[in-house]
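Undergrad: Can you read through this structure? Questions will come right after.
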Amino acid sequence: MPTWNFQLRLNREPAEEEFDALFEAGLSDAGFEGSLIDVDREAPSLLEAVSGVAEQIRTVPGLRAVGVETQDAVTLGDAAQRLGRRTTESLRLLADGKRGPGGFPRPLVDTGKVRVYSWAEITAWLREALGEDVPDASRELILADHALRLADEAERAGRTQAEAVRHLVGSH
Amino acid sequence: MVSKGRHPKTPVAKALDAAKGLDHLNVVEDHKGHRWGWVICLTCHQGQPDRGYPGDPGSFTVWSTPEPPEGHAKQIHRFVARHQHY
C-alpha cells in the first residue's frame, strides 16, 4: 500500500495536553509544527489518507483539519506521487544527470541518505527543460483542500447547515 | 541502552543529528507523554531557545515512538528544509 505525504492545517494550534490524545488517536505518523501537521500515511489513495487523518483529528474535542497545504519541500518519492506520471527512479535518474539534459534542481537538504527538494523548482525544471505540462499541485490535494474547507465552513455555520451540506455531497 | 540525547529510533536519531549540525536549529529533549522532544528553529521560534512550545511555528514535535520511524525522520528533514533561512 502506498504512503502519502501531505500537510494539513488545523483550526487552531493544539494545546500541550492535546498532543498525547492526537498521538493515541493514530497520529503517530505525523509531525506537528504550530497548527500545521506533516503526515506520511499508508492508504489506498491520497483522499482516503486525508480523510482518515481528518477523522482522527476530530476525535480530539475542539480540533479539526481546515485545509491542505501544498508544501514545497518534497523527497523525490513525494514528487513522483504528486506527478503521477513518473516513478521515483525516473526522477532519481534525472536528478543524478543519468537521463535528460542535466541541470535538475539541487536538493534543499542532502544528508547522504535523504534528499529534500523544492517542488516549485522541480516542476519549473520539468516545464522548461523537458516541456512537460506539470500542474502546480496534484488534483487530489486540491480536491481534499476544497472538501476540508467546505466542512469547516459548514461546521462554523451551525449544525443544520452542516447536515444540509452533508446531504448535498451525498454523505450520510 | 539508549543514551540521553540520542533518540531510540535510528532513522529519527540520524535526522536529529543533521538538524543539530545547523547553527539556527536546536534539538531539545523533554520527554512529556508520547513526546521525546522538539526541533526548534531559533529564527522563527518565540521563546526560550532551550524550550519547545505547543503551537509555536518554529517548534516541531518529535515523538518517542513514531510509526514508522522512517516517516518521522522525513518529516524532520522537511522541517529543516522549510526553515532554511538565508
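Residue numbers start at 1 in each chain; chains themselves are named A, B, ... in the order of the C-alpha cells; ligands are numbered from 1 in the order shown.
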As a count of residues only, please: every residue in chain B that a backbone DSSP assignment puts in alpha helix (DSSP H).

TA: 25

Undergrad: At a cut-off of 12 Å, which residues of chain B touch chain A? Count only C-alpha atoms and give the answer as an mmCIF file with C-alpha atoms, in the first residue's frame.

TA:
```cif
data_model
loop_
_atom_site.group_PDB
_atom_site.id
_atom_site.type_symbol
_atom_site.label_atom_id
_atom_site.label_comp_id
_atom_site.auth_asym_id
_atom_site.auth_seq_id
_atom_site.Cartn_x
_atom_site.Cartn_y
_atom_site.Cartn_z
ATOM 1 C CA PRO B 11 16.322 6.967 11.426
ATOM 2 C CA VAL B 12 14.972 9.678 13.740
ATOM 3 C CA LYS B 14 20.104 10.439 12.276
ATOM 4 C CA ALA B 15 17.622 13.123 11.168
ATOM 5 C CA LEU B 16 18.108 14.882 14.522
ATOM 6 C CA ASP B 17 21.890 14.674 14.077
ATOM 7 C CA ALA B 18 21.508 16.504 10.749
ATOM 8 C CA ALA B 19 19.392 19.201 12.457
ATOM 9 C CA GLY B 21 24.602 20.315 12.723
ATOM 10 C CA LEU B 22 22.899 23.585 11.778
ATOM 11 C CA HIS B 31 10.051 13.527 27.499
ATOM 12 C CA LYS B 32 6.476 14.571 28.086
ATOM 13 C CA GLY B 33 3.893 11.861 27.426
ATOM 14 C CA HIS B 34 4.469 10.468 23.921
ATOM 15 C CA ARG B 35 6.757 13.345 23.062
ATOM 16 C CA TRP B 36 10.510 12.783 23.038
ATOM 17 C CA GLY B 37 11.276 16.451 22.463
ATOM 18 C CA TRP B 38 11.476 19.203 19.872
ATOM 19 C CA VAL B 39 13.408 20.541 16.934
ATOM 20 C CA ILE B 40 13.433 24.316 17.287
ATOM 21 C CA CYS B 41 14.190 26.893 14.612
ATOM 22 C CA CYS B 44 11.219 31.583 13.885
ATOM 23 C CA HIS B 45 10.861 30.469 17.493
ATOM 24 C CA GLN B 46 9.388 32.855 20.013
ATOM 25 C CA GLY B 52 9.736 23.983 22.610
ATOM 26 C CA TYR B 53 6.238 25.431 22.743
ATOM 27 C CA PRO B 54 2.992 23.841 21.530
ATOM 28 C CA GLY B 55 1.580 25.999 18.777
ATOM 29 C CA ASP B 56 4.862 27.770 18.081
ATOM 30 C CA PRO B 57 5.562 27.843 14.307
ATOM 31 C CA GLY B 58 9.256 27.277 14.970
ATOM 32 C CA SER B 59 8.834 24.201 17.220
ATOM 33 C CA PHE B 60 8.475 20.726 15.709
ATOM 34 C CA THR B 61 7.210 17.884 17.935
ATOM 35 C CA VAL B 62 9.367 14.739 17.972
ATOM 36 C CA TRP B 63 7.564 11.586 19.144
ATOM 37 C CA SER B 64 9.302 8.904 21.235
ATOM 38 C CA THR B 65 7.751 6.031 19.268
ATOM 39 C CA PRO B 66 6.737 7.335 15.845
ATOM 40 C CA GLU B 67 5.295 4.781 13.454
ATOM 41 C CA PRO B 68 7.058 4.289 11.138
ATOM 42 C CA PRO B 69 10.277 5.995 12.322
ATOM 43 C CA GLU B 70 11.419 6.482 8.710
ATOM 44 C CA GLY B 71 8.391 8.697 8.016
ATOM 45 C CA HIS B 72 9.075 10.807 11.108
ATOM 46 C CA ALA B 73 12.703 11.176 10.012
ATOM 47 C CA LYS B 74 11.462 12.523 6.657
ATOM 48 C CA GLN B 75 9.201 14.969 8.483
ATOM 49 C CA ILE B 76 12.214 16.270 10.422
ATOM 50 C CA HIS B 77 14.153 16.690 7.163
ATOM 51 C CA ARG B 78 11.192 18.602 5.701
ATOM 52 C CA PHE B 79 11.062 20.836 8.802
ATOM 53 C CA VAL B 80 14.779 21.550 8.267
ATOM 54 C CA ALA B 81 14.108 22.307 4.587
ATOM 55 C CA ARG B 82 11.225 24.651 5.465
ATOM 56 C CA HIS B 83 13.475 26.507 7.879
ATOM 57 C CA GLN B 84 16.424 27.211 5.625
ATOM 58 C CA HIS B 85 16.743 30.942 6.234
ATOM 59 C CA TYR B 86 19.147 32.785 4.010
#
```

Undergrad: Among chain B, which residues does DSSP mark as strand (DSSP E or B) when it is run on the backbone? Keep the chain and numbering as in the structure and answer as a count of residues only.

TA: 20

Undergrad: Could you tell me how far CA of Gly47 in chain B sits from CA of Lys20 in chain B, in Å to one decimal place?

TA: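 Computed distance, CA of Lys20 in chain B to CA of Gly47 in chain B, equals 18.7 Å.
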